[in-house]
Structures are given as C-alpha cells and as structure tokens.
Amino acid sequence: MKWWGWILALLPAGVGILISILASNEAINDPVLYVRGNLTALVVFGGVTISIITIAAAQIWIHTQKKHQKELQEVQQQASEDRRRFLQRLDHELKNPLTAIRAGLTNMAVEPLGDYLLEEVTAVQAQVLRISRLVADLRKLAALEVTPLETTTVNMAELLTEVISVLEDQANTEDRRLSLILPNAPWPLPDVDGDPDLLLLAIHNLLDNAVKFTVPGDTIEVRSFEEGSDIVIEVADTGPGIPDEEIDRVWEELYRGEHVRGVPGSGLGLPLVRSIIEKHGGNMELRSKPNQGTVFSVRLPAG
C-alpha cells in the first residue's frame, strides 16, 4: 500500500486519539468538549477500529488485484507459449515438403516444356517461394519472443548507411531516388544499445517494403535525428499511401490490404519490425496519405 494510503487508513485512529487527549485534558472547562473517561475510550476504540477495518480492506483489495494480475500474466504467458509451439510445429511440418516441391519444380524448369507449362511451373514456383518466405518469417517471430537480445553498442549511422548500400545493389530499386539524411552538426547521431543484426533486419524490412510499394521515379528517404533521449529513424516514400481504414490493421500478422493484394509479401514484415523495435524498448508510428506517400517512424532509446 502506498504511503498516502497508510495515512488515510490511520487518520481515523489519529483523530480519535487526538479527541481523547483534548477531552481528557482537565484544563478544558468547556462542558461541550469535556468528555469523561468512558466516552474518551469509546472514541479511541472507534477510531482504531475504523483504521483496522480500512487497512484490512485495503490489504484484501491489493491481494485480490495481485492475484488477478498474476492469473492474467499466466494466461498471457501460456497463450504466448502455445502460439510459439504452434509456429515451431508449422515450420517443422512445412519445411521439408516445401524443399521437395522447390527441388522438383527446379528440375522441371530445366526440361524442355511448352510455353503454357513453363508459365504454370513459374507461377507455382513463385507461390512456393512466397510460402517459404512466410514460414521463414513465422520462424523469426517465434524465435524473437523467447530469444534474449545479445546487445552491444550499435553505430546507427553506419548501420543505416549499410542498409542503403545493400538496397542500392538490389535490382528492383532501379530508378528509385534513394537518399539518406544524417545529422553532422553539432554532433553526429548517438549510438544505441541493441542487437545489430535484428536492427539491420528491421530497417531493411521497412526499406524493402517502401521499394515494393513504389514505382520507378518515386522517392525513398531515410532520415534520422536525435530527439530528447531517443533516436528517431524515418523511412518515407512517395508511393500510393495507405487508406485511413487500413492504417491500424497493417500491424496485424498476415493482414494484407486490398490495394496490395498483387504485391508479393507474407503479411508478416511489419509485425516482425515492430516486435524487434519493441524488444529494444522502442516504438513505431505510421503516417500516410493516399496518393501522396507513407512515413514509418522508429523511435529507439539512445545508448
């Protein structure tokens, strides 16, 4: 119980004792205030009784709240564990069949096939690849929930430069205007404490997402700056934007908006990014305007 709770609980007892002292004082001649011993004791007893009842009720309430909180945590932990086991089982059950299917399709592709059959094999290969990526992302999500972070000092300026360099080497980034804006004065971007591999994966997923939903001629900007005790990283693009009714749902696992059904993806990229950032003690925000573009903001505590 908080200190102010104890004060409130003991207040009746204190008032009762104070009244008894005043009432017992022989120097008080006012007959209204002058109360003899038996009534004085009754006042003290009443004040102490009220305080005891108040403290007991408060303790019972605190105990009940703690019990409910513990039960809720146990339910949440059990649900998380069940979900992790399901993802692991799904990964195990799908990995071998997918590997066999991909190998068989690869062998078929090298055989002389008619145009129609070649198109069909290519389409099946694309879907198998999509499922393989989905399984891989599910595996990452499951592992992220139980694997402790291997933290070290991460130079975010170097990490962002590396991500941009990797992205520029990808064939699908041709004709996009990529830019990285980092502070130089009066001091460079602070470091953060975290897992460099996971942070690299998170930022790369955001940029890869921006590439998928833009077209040649669009602009993709990565901006980073210090704000208070945090580092803010923004990935902005001039793509089609996200409809208002879908903004809150993009963080849901496996959710795919109506306007992106034709774009390759598993629907797990953004949930994975948010899990990584939250595991580092950060948070994410999203701003978007249809037909203008989207900005994903990552906020991480500076080292």
# chains A, B, ... in the order shown; residues from 1 in each chain; ligands from 1

call {"tool": "residues_around", "arguments": {"residues": "Leu286 (chain A)", "least_positions_apart": "6", "cutoff": "8 Å", "atoms": "only C-alpha atoms", "output": "PyMOL selection string"}}
result
chain A and resi 247+294-297

call {"tool": "write_last_selection", "arguments": {"atoms": "C-alpha atoms", "output": "mmCIF file, in the first residue's frame"}}
result
data_model
loop_
_atom_site.group_PDB
_atom_site.id
_atom_site.type_symbol
_atom_site.label_atom_id
_atom_site.label_comp_id
_atom_site.auth_asym_id
_atom_site.auth_seq_id
_atom_site.Cartn_x
_atom_site.Cartn_y
_atom_site.Cartn_z
ATOM 1 C CA ILE A 247 -3.643 2.122 -41.112
ATOM 2 C CA THR A 294 3.892 6.999 -46.245
ATOM 3 C CA VAL A 295 6.245 7.645 -43.331
ATOM 4 C CA PHE A 296 7.243 4.932 -40.863
ATOM 5 C CA SER A 297 8.887 6.350 -37.723
#

call {"tool": "residues_around", "arguments": {"residues": "region 169-180 of chain A", "least_positions_apart": "2", "cutoff": "12 Å", "atoms": "only C-alpha atoms", "output": "PyMOL selection string"}}
result
chain A and resi 157-167+182-183+204+207-225+233-239

call {"tool": "write_last_selection", "arguments": {"atoms": "N, CA and C atoms", "output": "CSV table (one decimal), in the first residue's frame"}}
result
chain,number,residue,atom,x,y,z
A,157,ALA,N,24.4,5.3,-37.5
A,157,ALA,CA,24.7,6.0,-38.7
A,157,ALA,C,25.4,5.0,-39.7
A,158,GLU,N,26.3,4.2,-39.2
A,158,GLU,CA,26.9,3.1,-40.0
A,158,GLU,C,25.9,2.1,-40.4
A,159,LEU,N,25.0,1.7,-39.5
A,159,LEU,CA,24.0,0.7,-39.8
A,159,LEU,C,23.1,1.2,-40.9
A,160,LEU,N,22.6,2.4,-40.8
A,160,LEU,CA,21.7,2.9,-41.9
A,160,LEU,C,22.4,3.1,-43.2
A,161,THR,N,23.7,3.5,-43.2
A,161,THR,CA,24.5,3.5,-44.4
A,161,THR,C,24.6,2.2,-45.1
A,162,GLU,N,24.8,1.1,-44.2
A,162,GLU,CA,25.0,-0.2,-44.7
A,162,GLU,C,23.7,-0.7,-45.4
A,163,VAL,N,22.5,-0.4,-44.7
A,163,VAL,CA,21.2,-0.8,-45.3
A,163,VAL,C,21.0,-0.2,-46.6
A,164,ILE,N,21.3,1.1,-46.7
A,164,ILE,CA,21.1,1.8,-48.0
A,164,ILE,C,22.0,1.2,-49.1
A,165,SER,N,23.2,0.9,-48.7
A,165,SER,CA,24.2,0.3,-49.7
A,165,SER,C,23.7,-1.1,-50.2
A,166,VAL,N,23.1,-1.9,-49.2
A,166,VAL,CA,22.6,-3.2,-49.6
A,166,VAL,C,21.4,-3.0,-50.6
A,167,LEU,N,20.5,-2.0,-50.2
A,167,LEU,CA,19.3,-1.8,-51.0
A,167,LEU,C,19.7,-1.3,-52.4
A,182,LEU,N,21.5,12.2,-42.5
A,182,LEU,CA,22.0,12.0,-41.1
A,182,LEU,C,22.6,13.4,-40.6
A,183,PRO,N,22.5,13.6,-39.3
A,183,PRO,CA,23.0,14.8,-38.7
A,183,PRO,C,24.5,14.8,-38.6
A,204,HIS,N,15.9,-2.8,-42.8
A,204,HIS,CA,15.9,-3.3,-44.2
A,204,HIS,C,14.5,-3.7,-44.6
A,207,LEU,N,12.6,-0.6,-45.5
A,207,LEU,CA,13.0,-0.1,-46.8
A,207,LEU,C,12.6,-1.0,-48.0
A,208,ASP,N,12.7,-2.3,-47.8
A,208,ASP,CA,12.2,-3.2,-48.8
A,208,ASP,C,10.7,-3.1,-49.0
A,209,ASN,N,10.0,-2.8,-47.9
A,209,ASN,CA,8.6,-2.5,-48.0
A,209,ASN,C,8.3,-1.3,-48.9
A,210,ALA,N,9.1,-0.2,-48.7
A,210,ALA,CA,9.0,1.0,-49.4
A,210,ALA,C,9.2,0.8,-50.9
A,211,VAL,N,10.2,-0.1,-51.2
A,211,VAL,CA,10.6,-0.4,-52.6
A,211,VAL,C,9.4,-1.1,-53.3
A,212,LYS,N,8.8,-2.1,-52.6
A,212,LYS,CA,7.7,-2.9,-53.1
A,212,LYS,C,6.5,-2.0,-53.5
A,213,PHE,N,6.3,-1.0,-52.7
A,213,PHE,CA,5.0,-0.2,-52.9
A,213,PHE,C,5.3,1.1,-53.6
A,214,THR,N,6.4,1.2,-54.3
A,214,THR,CA,6.7,2.4,-55.1
A,214,THR,C,7.0,2.0,-56.5
A,215,VAL,N,7.1,2.9,-57.4
A,215,VAL,CA,7.4,2.6,-58.8
A,215,VAL,C,8.6,3.5,-59.2
A,216,PRO,N,9.2,3.1,-60.4
A,216,PRO,CA,10.3,3.9,-60.9
A,216,PRO,C,9.9,5.4,-60.9
A,217,GLY,N,10.8,6.2,-60.4
A,217,GLY,CA,10.6,7.7,-60.4
A,217,GLY,C,10.2,8.1,-59.0
A,218,ASP,N,9.7,7.2,-58.1
A,218,ASP,CA,9.4,7.6,-56.8
A,218,ASP,C,10.6,7.9,-55.9
A,219,THR,N,10.4,8.5,-54.8
A,219,THR,CA,11.5,8.9,-53.9
A,219,THR,C,11.3,8.1,-52.6
A,220,ILE,N,12.5,7.6,-52.1
A,220,ILE,CA,12.5,6.9,-50.8
A,220,ILE,C,13.6,7.6,-50.0
A,221,GLU,N,13.2,8.2,-48.8
A,221,GLU,CA,14.1,8.9,-48.0
A,221,GLU,C,14.2,8.2,-46.6
A,222,VAL,N,15.5,8.1,-46.1
A,222,VAL,CA,15.7,7.6,-44.8
A,222,VAL,C,16.3,8.8,-44.0
A,223,ARG,N,15.6,9.2,-43.0
A,223,ARG,CA,16.0,10.4,-42.2
A,223,ARG,C,16.2,9.9,-40.7
A,224,SER,N,17.3,10.4,-40.1
A,224,SER,CA,17.5,10.0,-38.7
A,224,SER,C,18.0,11.2,-37.9
A,225,PHE,N,17.5,11.4,-36.7
A,225,PHE,CA,17.9,12.6,-35.9
A,225,PHE,C,17.7,12.2,-34.4
A,233,ILE,N,14.2,7.3,-36.4
A,233,ILE,CA,14.5,6.9,-37.8
A,233,ILE,C,13.2,6.9,-38.6
A,234,GLU,N,13.2,7.7,-39.7
A,234,GLU,CA,12.0,7.8,-40.5
A,234,GLU,C,12.3,7.2,-41.9
A,235,VAL,N,11.5,6.3,-42.4
A,235,VAL,CA,11.5,5.8,-43.7
A,235,VAL,C,10.3,6.3,-44.5
A,236,ALA,N,10.6,7.2,-45.4
A,236,ALA,CA,9.5,7.9,-46.1
A,236,ALA,C,9.5,7.6,-47.6
A,237,ASP,N,8.3,7.5,-48.2
A,237,ASP,CA,8.3,7.3,-49.6
A,237,ASP,C,7.1,8.1,-50.2
A,238,THR,N,7.2,8.2,-51.6
A,238,THR,CA,6.2,8.9,-52.3
A,238,THR,C,5.3,7.9,-53.0
A,239,GLY,N,5.0,6.8,-52.4
A,239,GLY,CA,4.2,5.7,-53.0
A,239,GLY,C,2.7,6.0,-52.9

call {"tool": "residues_around", "arguments": {"residues": "Asp248 (chain A)", "least_positions_apart": "4", "cutoff": "12 Å", "atoms": "only C-alpha atoms", "output": "list in words"}}
result
Ile242, Pro243, Asp244, Glu252, Glu253, Tyr255, Gly257, Leu270, Pro271, Glu285, Leu286, Arg287 and Ser288 of chain A

call {"tool": "select_by_dssp", "arguments": {"residues": "region 185-220 of chain A", "states": "strand (DSSP E or B)", "output": "JSON, numbers by chain"}}
result
{"A": [192, 193, 194, 219, 220]}

call {"tool": "decode", "arguments": {"residues": "region 182-219 of chain A", "atoms": "N, CA and C atoms", "output": "mmCIF file, in the first residue's frame"}}
result
data_model
loop_
_atom_site.group_PDB
_atom_site.id
_atom_site.type_symbol
_atom_site.label_atom_id
_atom_site.label_comp_id
_atom_site.auth_asym_id
_atom_site.auth_seq_id
_atom_site.Cartn_x
_atom_site.Cartn_y
_atom_site.Cartn_z
ATOM 1 N N LEU A 182 21.540 12.239 -42.475
ATOM 2 C CA LEU A 182 22.046 12.034 -41.120
ATOM 3 C C LEU A 182 22.577 13.355 -40.566
ATOM 4 N N PRO A 183 22.461 13.569 -39.258
ATOM 5 C CA PRO A 183 22.991 14.807 -38.679
ATOM 6 C C PRO A 183 24.513 14.770 -38.581
ATOM 7 N N ASN A 184 25.132 15.909 -38.818
ATOM 8 C CA ASN A 184 26.584 16.038 -38.695
ATOM 9 C C ASN A 184 26.979 17.130 -37.704
ATOM 10 N N ALA A 185 26.152 18.132 -37.556
ATOM 11 C CA ALA A 185 26.449 19.243 -36.659
ATOM 12 C C ALA A 185 25.254 19.468 -35.739
ATOM 13 N N PRO A 186 25.480 19.810 -34.472
ATOM 14 C CA PRO A 186 26.810 19.984 -33.845
ATOM 15 C C PRO A 186 27.467 18.679 -33.422
ATOM 16 N N TRP A 187 26.729 17.570 -33.491
ATOM 17 C CA TRP A 187 27.334 16.269 -33.177
ATOM 18 C C TRP A 187 26.638 15.193 -34.005
ATOM 19 N N PRO A 188 27.287 14.075 -34.214
ATOM 20 C CA PRO A 188 26.681 13.013 -35.034
ATOM 21 C C PRO A 188 25.593 12.276 -34.271
ATOM 22 N N LEU A 189 24.969 11.342 -34.945
ATOM 23 C CA LEU A 189 23.892 10.536 -34.361
ATOM 24 C C LEU A 189 24.436 9.678 -33.221
ATOM 25 N N PRO A 190 23.781 9.671 -32.049
ATOM 26 C CA PRO A 190 24.261 8.825 -30.944
ATOM 27 C C PRO A 190 24.115 7.339 -31.260
ATOM 28 N N ASP A 191 24.871 6.539 -30.526
ATOM 29 C CA ASP A 191 24.749 5.091 -30.646
ATOM 30 C C ASP A 191 23.529 4.605 -29.867
ATOM 31 N N VAL A 192 23.160 3.347 -30.085
ATOM 32 C CA VAL A 192 22.113 2.703 -29.296
ATOM 33 C C VAL A 192 22.642 1.369 -28.796
ATOM 34 N N ASP A 193 22.023 0.857 -27.747
ATOM 35 C CA ASP A 193 22.350 -0.479 -27.244
ATOM 36 C C ASP A 193 21.341 -1.462 -27.828
ATOM 37 N N GLY A 194 21.834 -2.442 -28.556
ATOM 38 C CA GLY A 194 20.906 -3.390 -29.167
ATOM 39 C C GLY A 194 21.616 -4.473 -29.936
ATOM 40 N N ASP A 195 20.816 -5.273 -30.612
ATOM 41 C CA ASP A 195 21.314 -6.352 -31.456
ATOM 42 C C ASP A 195 21.451 -5.813 -32.877
ATOM 43 N N PRO A 196 22.667 -5.658 -33.381
ATOM 44 C CA PRO A 196 22.848 -5.046 -34.711
ATOM 45 C C PRO A 196 22.186 -5.830 -35.835
ATOM 46 N N ASP A 197 22.173 -7.158 -35.730
ATOM 47 C CA ASP A 197 21.570 -7.971 -36.784
ATOM 48 C C ASP A 197 20.059 -7.764 -36.843
ATOM 49 N N LEU A 198 19.418 -7.735 -35.667
ATOM 50 C CA LEU A 198 17.975 -7.533 -35.642
ATOM 51 C C LEU A 198 17.602 -6.128 -36.091
ATOM 52 N N LEU A 199 18.361 -5.132 -35.651
ATOM 53 C CA LEU A 199 18.079 -3.754 -36.071
ATOM 54 C C LEU A 199 18.280 -3.590 -37.572
ATOM 55 N N LEU A 200 19.315 -4.232 -38.105
ATOM 56 C CA LEU A 200 19.535 -4.207 -39.554
ATOM 57 C C LEU A 200 18.361 -4.842 -40.288
ATOM 58 N N LEU A 201 17.872 -5.970 -39.765
ATOM 59 C CA LEU A 201 16.731 -6.649 -40.377
ATOM 60 C C LEU A 201 15.496 -5.766 -40.347
ATOM 61 N N ALA A 202 15.256 -5.076 -39.226
ATOM 62 C CA ALA A 202 14.069 -4.230 -39.099
ATOM 63 C C ALA A 202 14.101 -3.076 -40.095
ATOM 64 N N ILE A 203 15.206 -2.357 -40.162
ATOM 65 C CA ILE A 203 15.298 -1.212 -41.075
ATOM 66 C C ILE A 203 15.265 -1.680 -42.527
ATOM 67 N N HIS A 204 15.928 -2.803 -42.809
ATOM 68 C CA HIS A 204 15.913 -3.330 -44.180
ATOM 69 C C HIS A 204 14.492 -3.713 -44.585
ATOM 70 N N ASN A 205 13.727 -4.320 -43.679
ATOM 71 C CA ASN A 205 12.342 -4.681 -43.997
ATOM 72 C C ASN A 205 11.507 -3.445 -44.314
ATOM 73 N N LEU A 206 11.709 -2.367 -43.561
ATOM 74 C CA LEU A 206 10.972 -1.130 -43.827
ATOM 75 C C LEU A 206 11.323 -0.567 -45.202
ATOM 76 N N LEU A 207 12.614 -0.585 -45.531
ATOM 77 C CA LEU A 207 13.034 -0.065 -46.834
ATOM 78 C C LEU A 207 12.579 -0.982 -47.971
ATOM 79 N N ASP A 208 12.680 -2.276 -47.755
ATOM 80 C CA ASP A 208 12.214 -3.221 -48.771
ATOM 81 C C ASP A 208 10.714 -3.059 -49.003
ATOM 82 N N ASN A 209 9.996 -2.785 -47.947
ATOM 83 C CA ASN A 209 8.566 -2.528 -48.049
ATOM 84 C C ASN A 209 8.300 -1.276 -48.894
ATOM 85 N N ALA A 210 9.108 -0.239 -48.651
ATOM 86 C CA ALA A 210 8.951 1.005 -49.418
ATOM 87 C C ALA A 210 9.236 0.777 -50.898
ATOM 88 N N VAL A 211 10.236 -0.056 -51.182
ATOM 89 C CA VAL A 211 10.564 -0.351 -52.586
ATOM 90 C C VAL A 211 9.411 -1.085 -53.257
ATOM 91 N N LYS A 212 8.820 -2.052 -52.551
ATOM 92 C CA LYS A 212 7.748 -2.855 -53.146
ATOM 93 C C LYS A 212 6.529 -2.014 -53.502
ATOM 94 N N PHE A 213 6.265 -0.979 -52.724
ATOM 95 C CA PHE A 213 5.042 -0.206 -52.927
ATOM 96 C C PHE A 213 5.290 1.128 -53.619
ATOM 97 N N THR A 214 6.439 1.249 -54.267
ATOM 98 C CA THR A 214 6.711 2.424 -55.093
ATOM 99 C C THR A 214 7.015 1.969 -56.514
ATOM 100 N N VAL A 215 7.092 2.917 -57.395
ATOM 101 C CA VAL A 215 7.378 2.628 -58.807
ATOM 102 C C VAL A 215 8.574 3.459 -59.236
ATOM 103 N N PRO A 216 9.201 3.111 -60.371
ATOM 104 C CA PRO A 216 10.321 3.925 -60.855
ATOM 105 C C PRO A 216 9.945 5.398 -60.926
ATOM 106 N N GLY A 217 10.849 6.226 -60.422
ATOM 107 C CA GLY A 217 10.598 7.660 -60.374
ATOM 108 C C GLY A 217 10.198 8.149 -58.994
ATOM 109 N N ASP A 218 9.738 7.239 -58.128
ATOM 110 C CA ASP A 218 9.365 7.631 -56.767
ATOM 111 C C ASP A 218 10.614 7.878 -55.918
ATOM 112 N N THR A 219 10.410 8.545 -54.809
ATOM 113 C CA THR A 219 11.489 8.882 -53.883
ATOM 114 C C THR A 219 11.338 8.107 -52.585
#
